[in-house]
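Single-structure report; data block below.
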6 protein chains.
Amino acid sequence: MKRFSLFTFRRVALACLLALAAALTINFDNTAASVEPQTGDGKLRIIAFGAHPDDCELSVGGAAAMWAARGHHVKLVAVTNGDIGHWREAGGPLAMRRKKEVEEASRILGTTVEVLDNHDGELMPTLENRRAIIRLIRNWKADIVLSPRPNDYHPDHRYTGVLVQDAAYMVTVPFICPETPAMKNNPIFMYYTDRFMKPNPSQPDIAVSIDSVIDKKLDALAVMESQFLEGGANGHEGLMPKNAAERTKRVAEVRRGHAARNIGVADRFRNALKEWYGPEAAAGVKHAEAFEICEYGRRPDKAELKRLFPFFQ
Amino acid sequence: MKRFSLFTFRRVALACLLALAAALTINFDNTAASVEPQTGDGKLRIIAFGAHPDDCELSVGGAAAMWAARGHHVKLVAVTNGDIGHWREAGGPLAMRRKKEVEEASRILGTTVEVLDNHDGELMPTLENRRAIIRLIRNWKADIVLSPRPNDYHPDHRYTGVLVQDAAYMVTVPFICPETPAMKNNPIFMYYTDRFMKPNPSQPDIAVSIDSVIDKKLDALAVMESQFLEGGANGHEGLMPKNAAERTKRVAEVRRGHAARNIGVADRFRNALKEWYGPEAAAGVKHAEAFEICEYGRRPDKAELKRLFPFFQ
Amino acid sequence: MKRFSLFTFRRVALACLLALAAALTINFDNTAASVEPQTGDGKLRIIAFGAHPDDCELSVGGAAAMWAARGHHVKLVAVTNGDIGHWREAGGPLAMRRKKEVEEASRILGTTVEVLDNHDGELMPTLENRRAIIRLIRNWKADIVLSPRPNDYHPDHRYTGVLVQDAAYMVTVPFICPETPAMKNNPIFMYYTDRFMKPNPSQPDIAVSIDSVIDKKLDALAVMESQFLEGGANGHEGLMPKNAAERTKRVAEVRRGHAARNIGVADRFRNALKEWYGPEAAAGVKHAEAFEICEYGRRPDKAELKRLFPFFQ
Amino acid sequence: MKRFSLFTFRRVALACLLALAAALTINFDNTAASVEPQTGDGKLRIIAFGAHPDDCELSVGGAAAMWAARGHHVKLVAVTNGDIGHWREAGGPLAMRRKKEVEEASRILGTTVEVLDNHDGELMPTLENRRAIIRLIRNWKADIVLSPRPNDYHPDHRYTGVLVQDAAYMVTVPFICPETPAMKNNPIFMYYTDRFMKPNPSQPDIAVSIDSVIDKKLDALAVMESQFLEGGANGHEGLMPKNAAERTKRVAEVRRGHAARNIGVADRFRNALKEWYGPEAAAGVKHAEAFEICEYGRRPDKAELKRLFPFFQ
Amino acid sequence: MKRFSLFTFRRVALACLLALAAALTINFDNTAASVEPQTGDGKLRIIAFGAHPDDCELSVGGAAAMWAARGHHVKLVAVTNGDIGHWREAGGPLAMRRKKEVEEASRILGTTVEVLDNHDGELMPTLENRRAIIRLIRNWKADIVLSPRPNDYHPDHRYTGVLVQDAAYMVTVPFICPETPAMKNNPIFMYYTDRFMKPNPSQPDIAVSIDSVIDKKLDALAVMESQFLEGGANGHEGLMPKNAAERTKRVAEVRRGHAARNIGVADRFRNALKEWYGPEAAAGVKHAEAFEICEYGRRPDKAELKRLFPFFQ
Amino acid sequence: MKRFSLFTFRRVALACLLALAAALTINFDNTAASVEPQTGDGKLRIIAFGAHPDDCELSVGGAAAMWAARGHHVKLVAVTNGDIGHWREAGGPLAMRRKKEVEEASRILGTTVEVLDNHDGELMPTLENRRAIIRLIRNWKADIVLSPRPNDYHPDHRYTGVLVQDAAYMVTVPFICPETPAMKNNPIFMYYTDRFMKPNPSQPDIAVSIDSVIDKKLDALAVMESQFLEGGANGHEGLMPKNAAERTKRVAEVRRGHAARNIGVADRFRNALKEWYGPEAAAGVKHAEAFEICEYGRRPDKAELKRLFPFFQ
């Protein structure tokens, strides 16, 4: 199964050969432009994977809200249940609390959410996990699959990246997980952006303004109090507001911190914004999210990307 | 065991130190030129690993045929049995069919072939698999070991790359797999070329013209009907020829598609061809295969590479 | 848990936002300068991981001796017991021999040493091993954690690198290994330097002269006769001295070989030396060791690095 | 967690102690009689596990049909997908065929069916599989859980038995699989009967006449042609009927073979039948199924068993 | 390594052969009587394994207190950290709470305690766990090793039994865990008693009166409030005392429940008590604990058992 | 796949049904008598599995020699390489020494031998090991497969028993290990005898006099000096003969010890000997080996057993 690389010769622009090779099913049409949503309602279907219940919301909460507002179908999946993500609570009770938090966040964003029952801090790139992800992608009939890169500071993030990579292409192979119908086309797999430089830096292919939904995103993040107001695994007693005034202050701090993060993305990837919005509009973008195409999924051209991210009119 | 890096000081060109250090067995001679075939018939011994029964043939079928034609010994190993590599068939019956296909392909190419009984789509970098590969390399007394890079679109390809990397150097350590005599020297490990750019692009160290054997290679690929004529895992009913005329047409399409792939390699790595053939001859090369040295095996200099790839006269 | 990347916005230099965001515990202070040794005696605490009993000594033996001489606390950990690291001996008896060798080496260097009971050549990035490393780092209350990069020629080296990466950050999460108190701050994780270029080259952030302790380092390496005098896994009968004179000669050879290695590091990273010693002093450095900051730990600024490597006055 | 054995003292019949101990939640009421169906429709809920798609039907198809006919809820679960259970077919296509066969069988029996996507012949007692079974039992809110004993001729049968044992009791522990609400009471776990004598023989606690549904059971088994008409993994070309007459003959053979099996159960466990039906009625039972209480679930008394198997009026 | 069974011929009572065979080290002296404590203070050394923090205390708390009172050395090991053993709490915080509880219980009993950091409900019979147990037994220089049988209602109990069995004999093999000195003699391995009958019933070889320490044992159990007062994994809100009076009542209930358990053991194994105490004294024993010799350790004769359980004067 | 138990109805002796059921391939003929050796030379084919290099020789060396002397084909397989089976040596060098010892022993016995490269003391019942054993049995076309029971004092012995059980029946399923042709009939699986009583005692179905080959067996055991003369894992310096006289004495001791073991078997199972030899001849049997039928293989009747053990004329 090495049909992927066949698409090489297209680039060498030998038109006559191209016509012939098109007849091979060798995943040639990897770069093909047609992105007809697979479920017939004319809407896009997006599935985003994060390691913990809060990671998807942080990385793609803005775009998710924008897709959802246009009627597209977005599902957020936490690959672990987050059961060590707090400085004072842990185990099943914390997992249940975080599940409720992301359910509320998803209600705000207009998305669907699922939390897999894997221990936080113990995610491994097993075949069982790979299969679970293959089934989730197939059942969602995803046009776009999002995940962290396999290099990030937290092992669960890295192995989430590995697992989603390991599901890419395999979602099209009918006799793995044969009970879940395979996809006809490899979806487009994209990475969230991050700040890590080695072995290679995060290089987003697309950056989107989330200014129109920044409040909604901040609202969604705000309900995940275990992680942000209380500081998650690295929090401490000192963060806990002792009265309503302190609480108001703390909530505002968290909110501005989260906004700052998306301001940073906009600043770092201003050039990408320019490419998609034009220089003028890009200059006015305050909060952004950015995404990088993973080489192991289908490779969209710019026209297809535009259809998949219908935010640029 | 960190003797590898000792060869550092050779490059600082301190001749007097060099003489002394030579006395350390610290795998110093990693770059040493002597490539006396290890089995006494004066012939080279090459072992190539691919994830599925068709991957070696696609990636190194041409060079394999050229080595074989000169009497050198080439073995192709499929690390999985390919048992989900079809859109309609699967399991043991498909594995047996594909085994027969690669046996026939090997008969055409003049090579030996072996298929390991691992499920397609489920290859993992386990110690058991690492040991199996160590034994195969040792038993073949390989001068050259070929594999995919650990970054490629299919998880089985990536983990084949990881497994072969994990066998590199270990093949020289006598008390792992003690029942299989260890190699005196780390062989030269090389990657097939591919089109992936991250985290770093495929950068072949050598490119060889396979024009002289392109028909033989295409013949060999042609017998793997399950994968190419029928489209493998991504095929469909529509590809199946309904009569002799359709079949002739389909066979020709597949053949040209495969040729196109090797034309693409020649075009992408024209500079590498120039380096090895000179600009004039290189310009005339139509079909090529290309290979990149893996840093974890012995590092050949250009003279040794020329002896290992005796195709440049 | 994606709080890491929040520190983005600091760089965009929005001072007002910065103040607010400081209130989030989102591991913001990853780059914070305060390195108060965590155990109250005002001394630094360093823990170095190597794959085999000799790897730490080779890679950081000089700096370790320098730290130790200043009263700082250095622990060397061999993650495997080295039980296939010889051409004639193996198993438990070899493991015991090597344990004694590194204990003697540590006596010379002034460090502590521990050997984990994992088979040499069989190290895997399991959760059990990850947890063992988390506990070691926590119990040592490490300011600095050293390891090989996850790309190196020996699989045990690579997986040691992976395991230490997988422990980074997690050492700060209280409810993994809850019985071992978590660290308040992520330590600084650093890689040893190596000569591998792919997927990205070793790029040390700091290089230190070990000229003042080179004899001590060479003495420490000299006691690991199984590995160096006798050649380790790649040695052979011919290396064994047959009489006192031969032995003296062999010992000297090994010694010069080891010196050459550190001379090579100084030469390769002369620029880094200049950055830390100034051009003049750097030119005079003969033997060096060099280290690269891992992105998954805390990111020290130059001032902190200077305090952590108190060798530059 | 050793509260189970506390129920000891009940048997020592110290009534005063009993009252006190009842206050401990130590799963005391393990033998308690109340079996109010847990879902409110007053109906029993039964879940049966088998290794392959046909094992549940063979072992409990008759009782299942009888429960179903009375409106009780029966689910049959094949823990593997049966993908090597044929002499000529295998892999995903066979798995799909067998799934259809058991769906049709379940339609006939009036039960629900689920097939887990584990490879046939490769079932292992992993935590992942244990968790899957815990969730299935909880979600079905089972009153009775059925499985093979952990000793049987096929490794998949044995490990199915181990997995169900490993789920027993754990189904009541809320913080394993915290997202699936735990059961208040340990269900009754029962083994199918078998003919193995070591380490201890199958000793059914209850035997039920299936004479009233024997035709339905044989009809259900008849639709699993891959397994019975064609002979499954041990079949061969010679079994395949070449025409309608041969087919009719073969179908009848299979049918009588299956009947014979249940006749054998009735004959072997005539004493058990007598215990439940009285000597006279028992003598007239021709076809039976029999079940043995597993010590790791709740221990019903005879009255409760009668309510759970409401077939004795 | 099949030297165990050699002791066969001793039983055939061929004295002349016996003398000869004694020269074989084939673990002949498995039944040898000499039990000189291995650490030189003339005291016995006992190590008891339980699955959760409370299991050792329940099963051997009385005998432990009696040994300890005589100056013998007793260590209790919980093989999991018990982190799902409650109906409302879980994870690390619960693990820490339970660790404190068993530490307090051990203070009362006069024993040492250790809790291994394995998740409750997820214990598997891995090599890593086997090695951990081998090291614990060796380091404790145990004369007696206690564990549950490999058949019990909770999977963690069963796998604790398997793990301790898998450590038996191996503790005498020097080159497994070579860094921890091997034992010269296989200790005596004993099972706690339980109520399970299949595949074979618990058959204690010794029963001891714990009447003299029953209050101490009940005190020790009483401090494990998470498990008993609050009901552990199967508890509920209704068990929590709402005031001091309710609490006093609840504490007394728990206490009597625990006493009842040991009363039940005395009643069930009255015959064993008679064998060790004589009929008269046995009749007066109210609370007992009982233990069964595991065939995989050394087989003590009655005289040795008497020395190991010095409670019968 | 539950066809095994179908053979039930044969015992209910309904001849008419029997004829019909015979048409089901449901492994009915499990008890069938025909044992035509599968390779055409009219000779039996026996494969014996032991955990370590010496276990097969100890348990079945006599019968092996007797089969071999009649031209039957016997293969002995050590499932681990025995690399911790000595008090002073270990690892690969010991594994190589033991391999040579069993090769010499096999030369004496007239058998074939193979040693699998698994670490001694670390054998686990993995799928990889199961597959290796399936292939060995199939490739040997075994009529009889021998192994230890899954209860024995050494974990490697137990897991060897589990692995061989897990291979039983599966050897007949064509699409596991599809590249190795499946067996038409399940061979007869038999256990060695041992002295363990729980959960059930060793109950041999056949006992054979090895008086005619006892010297050959003792000679074969004598060459395994690492295990017997030197004492294996439980030996010590004191066993090593210091001169020729001591050596002669030690060799004789070992020899008599081994003889005593087989004398013990004859004495313990005198009744079984009587069943096969008649009371008179049985009384004269001095040395014996005994074997128990495993329920998971084919069940031979006495006539078939007699043909398989052709030693009773």
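Labeling convention for the structure tokens: chains A, B, ... as they appear, residues from 1 per chain, ligands from 1 in order of appearance.
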
Note to self: If DSSP is run on the backbone, what residues of range 44-231 of chain A are strand (DSSP E)? A reply as an MDAnalysis selection string would be ideal.
What the structure shows: chainID A and resid 45:50 73:78 112:115 144:147 188:192 206:209

Margin query: I need the residues of range 19-175 of chain C that end up classed as alpha helix (DSSP H) by DSSP on the backbone, written out as JSON, numbers by chain.
Written below: {"C": [19, 20, 21, 55, 56, 57, 58, 59, 60, 61, 62, 63, 64, 65, 66, 67, 68, 69, 91, 92, 93, 94, 95, 96, 97, 98, 99, 100, 101, 102, 103, 104, 105, 106, 107, 108, 109, 127, 128, 129, 130, 131, 132, 133, 134, 135, 136, 137, 138, 139, 140, 155, 156, 157, 158, 159, 160, 161, 162, 163, 164, 165, 166, 167]}

Next item on the list: Report as a list of chain:residue names the set of chain A residues whose atoms approach chain E to within 10 Å, with distances computed over only C-alpha atoms.
Entry: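 Per the criterion, chain A yields A:Asp83, A:Ile84, A:Trp87, A:Arg88, A:Glu89, A:Ala90, A:Gly91, A:Gly92, A:Pro93, A:Leu94, A:Ala95.
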
Next item on the list: Rank nothing, just name the residue among B:Gly264, B:Pro53, B:Gly42, B:Gly232 nearest to Gly71 in chain B, using only C-alpha atoms.
Entry: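 Closest residue, counting only C-alpha atoms: B:Gly42.
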
Checklist line | Spatial neighbours of Leu116 in chain A, 6 Å, only C-alpha atoms, chain gap at least 6 places, as a PyMOL selection string | finding: chain A and resi 79-81

Generate the output file for the selected residues, C-alpha atoms, as a PDB file, in the first residue's frame.
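Below is the file out_25.pdb, written as the result:
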```pdb
ATOM      1  CA  VAL A  79      -9.148  11.409  24.425  1.00  0.00           C
ATOM      2  CA  THR A  80      -8.574  11.169  28.176  1.00  0.00           C
ATOM      3  CA  ASN A  81     -11.040  11.892  30.918  1.00  0.00           C
TER       4      ASN A  81
END
```

Check: Which value, in Å to one decimal, gives the distance between CA of Val208 in chain C and CA of Ala290 in chain C?
Finding: 6.2 Å

Item checked: Who sits within 8 Å of Met66 in chain E, only C-alpha atoms, same chain under 4 positions skipped, as a list in words ->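 Once the nearby chain positions are removed, what remains is Gly62, Arg70, Ile210, Val213 and Phe311 of chain E.
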
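Across the model, the gap from CA of Arg135 in chain C to CA of Pro174 in chain C is 11.4 Å.
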
Checklist line | Straight-line distance linking CA of Gly50 in chain C with CA of Pro155 in chain C, stated in Å to one decimal | finding: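 Calculated distance between CA of Gly50 in chain C and CA of Pro155 in chain C is 12.0 Å.
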
Item checked: 12 Å contact set for Met124 in chain D, only C-alpha atoms, chain neighbours under 4 positions out, as a ChimeraX atom specification -> /D:51,79-80,118-120,128-130,155-163 /F:125-128,130,166

Write the residues of the selection above to a file with N, CA, C and O atoms, as a short mmCIF file (atom, residue, chain, number, x, y, z; two decimals), in the first residue's frame.
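Here's the written file result34.cif:
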```
data_model
loop_
_atom_site.label_atom_id
_atom_site.label_comp_id
_atom_site.auth_asym_id
_atom_site.auth_seq_id
_atom_site.Cartn_x
_atom_site.Cartn_y
_atom_site.Cartn_z
N ALA D 51 -17.75 -16.23 22.93
CA ALA D 51 -16.50 -15.81 22.30
C ALA D 51 -16.70 -15.42 20.84
O ALA D 51 -16.08 -14.49 20.35
N VAL D 79 -17.84 -11.68 21.77
CA VAL D 79 -16.70 -10.87 22.20
C VAL D 79 -15.62 -10.77 21.12
O VAL D 79 -14.81 -9.86 21.12
N THR D 80 -15.62 -11.70 20.18
CA THR D 80 -14.79 -11.53 18.98
C THR D 80 -15.72 -11.50 17.77
O THR D 80 -16.86 -11.91 17.85
N ASN D 118 -13.11 -7.65 18.00
CA ASN D 118 -11.82 -8.25 18.36
C ASN D 118 -11.57 -9.39 17.40
O ASN D 118 -12.49 -10.12 17.04
N HIS D 119 -10.30 -9.57 17.03
CA HIS D 119 -9.98 -10.69 16.15
C HIS D 119 -10.28 -12.02 16.82
O HIS D 119 -9.90 -12.25 17.98
N ASP D 120 -10.92 -12.87 16.09
CA ASP D 120 -11.14 -14.27 16.48
C ASP D 120 -9.77 -14.94 16.65
O ASP D 120 -8.85 -14.73 15.87
N GLU D 128 -8.63 -3.22 28.62
CA GLU D 128 -9.55 -2.60 27.65
C GLU D 128 -10.77 -3.49 27.46
O GLU D 128 -11.91 -3.01 27.46
N ASN D 129 -10.54 -4.78 27.29
CA ASN D 129 -11.67 -5.68 27.11
C ASN D 129 -12.50 -5.80 28.38
O ASN D 129 -13.72 -5.88 28.33
N ARG D 130 -11.82 -5.81 29.51
CA ARG D 130 -12.56 -5.86 30.78
C ARG D 130 -13.50 -4.65 30.88
O ARG D 130 -14.67 -4.79 31.23
N PRO D 155 -9.11 -21.08 23.30
CA PRO D 155 -8.60 -19.98 24.14
C PRO D 155 -9.54 -18.79 24.20
O PRO D 155 -9.67 -18.16 25.26
N ASP D 156 -10.22 -18.48 23.12
CA ASP D 156 -11.16 -17.36 23.16
C ASP D 156 -12.30 -17.63 24.15
O ASP D 156 -12.78 -16.70 24.81
N HIS D 157 -12.74 -18.87 24.24
CA HIS D 157 -13.78 -19.20 25.21
C HIS D 157 -13.25 -18.97 26.63
O HIS D 157 -13.89 -18.34 27.46
N ARG D 158 -12.06 -19.50 26.87
CA ARG D 158 -11.48 -19.35 28.22
C ARG D 158 -11.32 -17.88 28.60
O ARG D 158 -11.66 -17.47 29.70
N TYR D 159 -10.79 -17.08 27.67
CA TYR D 159 -10.54 -15.69 28.02
C TYR D 159 -11.83 -14.87 28.07
O TYR D 159 -11.89 -13.88 28.79
N THR D 160 -12.85 -15.30 27.34
CA THR D 160 -14.17 -14.68 27.55
C THR D 160 -14.62 -14.93 28.98
O THR D 160 -15.11 -14.02 29.67
N GLY D 161 -14.42 -16.17 29.43
CA GLY D 161 -14.77 -16.49 30.81
C GLY D 161 -13.98 -15.65 31.80
O GLY D 161 -14.55 -15.11 32.77
N VAL D 162 -12.69 -15.51 31.57
CA VAL D 162 -11.86 -14.70 32.47
C VAL D 162 -12.33 -13.24 32.46
O VAL D 162 -12.46 -12.60 33.51
N LEU D 163 -12.61 -12.73 31.28
CA LEU D 163 -13.01 -11.31 31.18
C LEU D 163 -14.31 -11.05 31.91
O LEU D 163 -14.45 -10.02 32.59
N PRO F 125 2.22 -15.43 28.55
CA PRO F 125 1.32 -16.07 27.60
C PRO F 125 0.82 -15.10 26.54
O PRO F 125 -0.37 -14.81 26.47
N THR F 126 1.73 -14.58 25.74
CA THR F 126 1.37 -13.58 24.72
C THR F 126 0.89 -14.25 23.44
O THR F 126 1.14 -15.43 23.20
N LEU F 127 0.25 -13.45 22.61
CA LEU F 127 -0.17 -13.95 21.30
C LEU F 127 1.03 -14.34 20.44
O LEU F 127 0.97 -15.30 19.68
N GLU F 128 2.12 -13.59 20.57
CA GLU F 128 3.31 -13.90 19.77
C GLU F 128 3.82 -15.30 20.12
O GLU F 128 4.15 -16.09 19.25
N ARG F 130 2.08 -17.67 21.54
CA ARG F 130 1.08 -18.65 21.12
C ARG F 130 1.27 -19.01 19.65
O ARG F 130 1.27 -20.18 19.27
N ASP F 166 -3.27 -22.94 24.82
CA ASP F 166 -3.83 -21.91 23.94
C ASP F 166 -3.58 -22.22 22.46
O ASP F 166 -4.23 -21.64 21.58
#
```

Next item on the list: Using only C-alpha atoms, determine which residues lie at most 9 Å from Lys216 in chain C, disregarding the query and same-chain residues fewer than 5 positions distant; provide the list as a ChimeraX atom specification.
Entry: /C:61-62,65,108-109,221

Next item on the list: Extract, using only C-alpha atoms, all DNA, RNA and protein residues at most 12 Å from Met183 in chain E, discarding same-chain residues fewer than 2 positions from it, and format them as a count of residues only.
Entry: 33
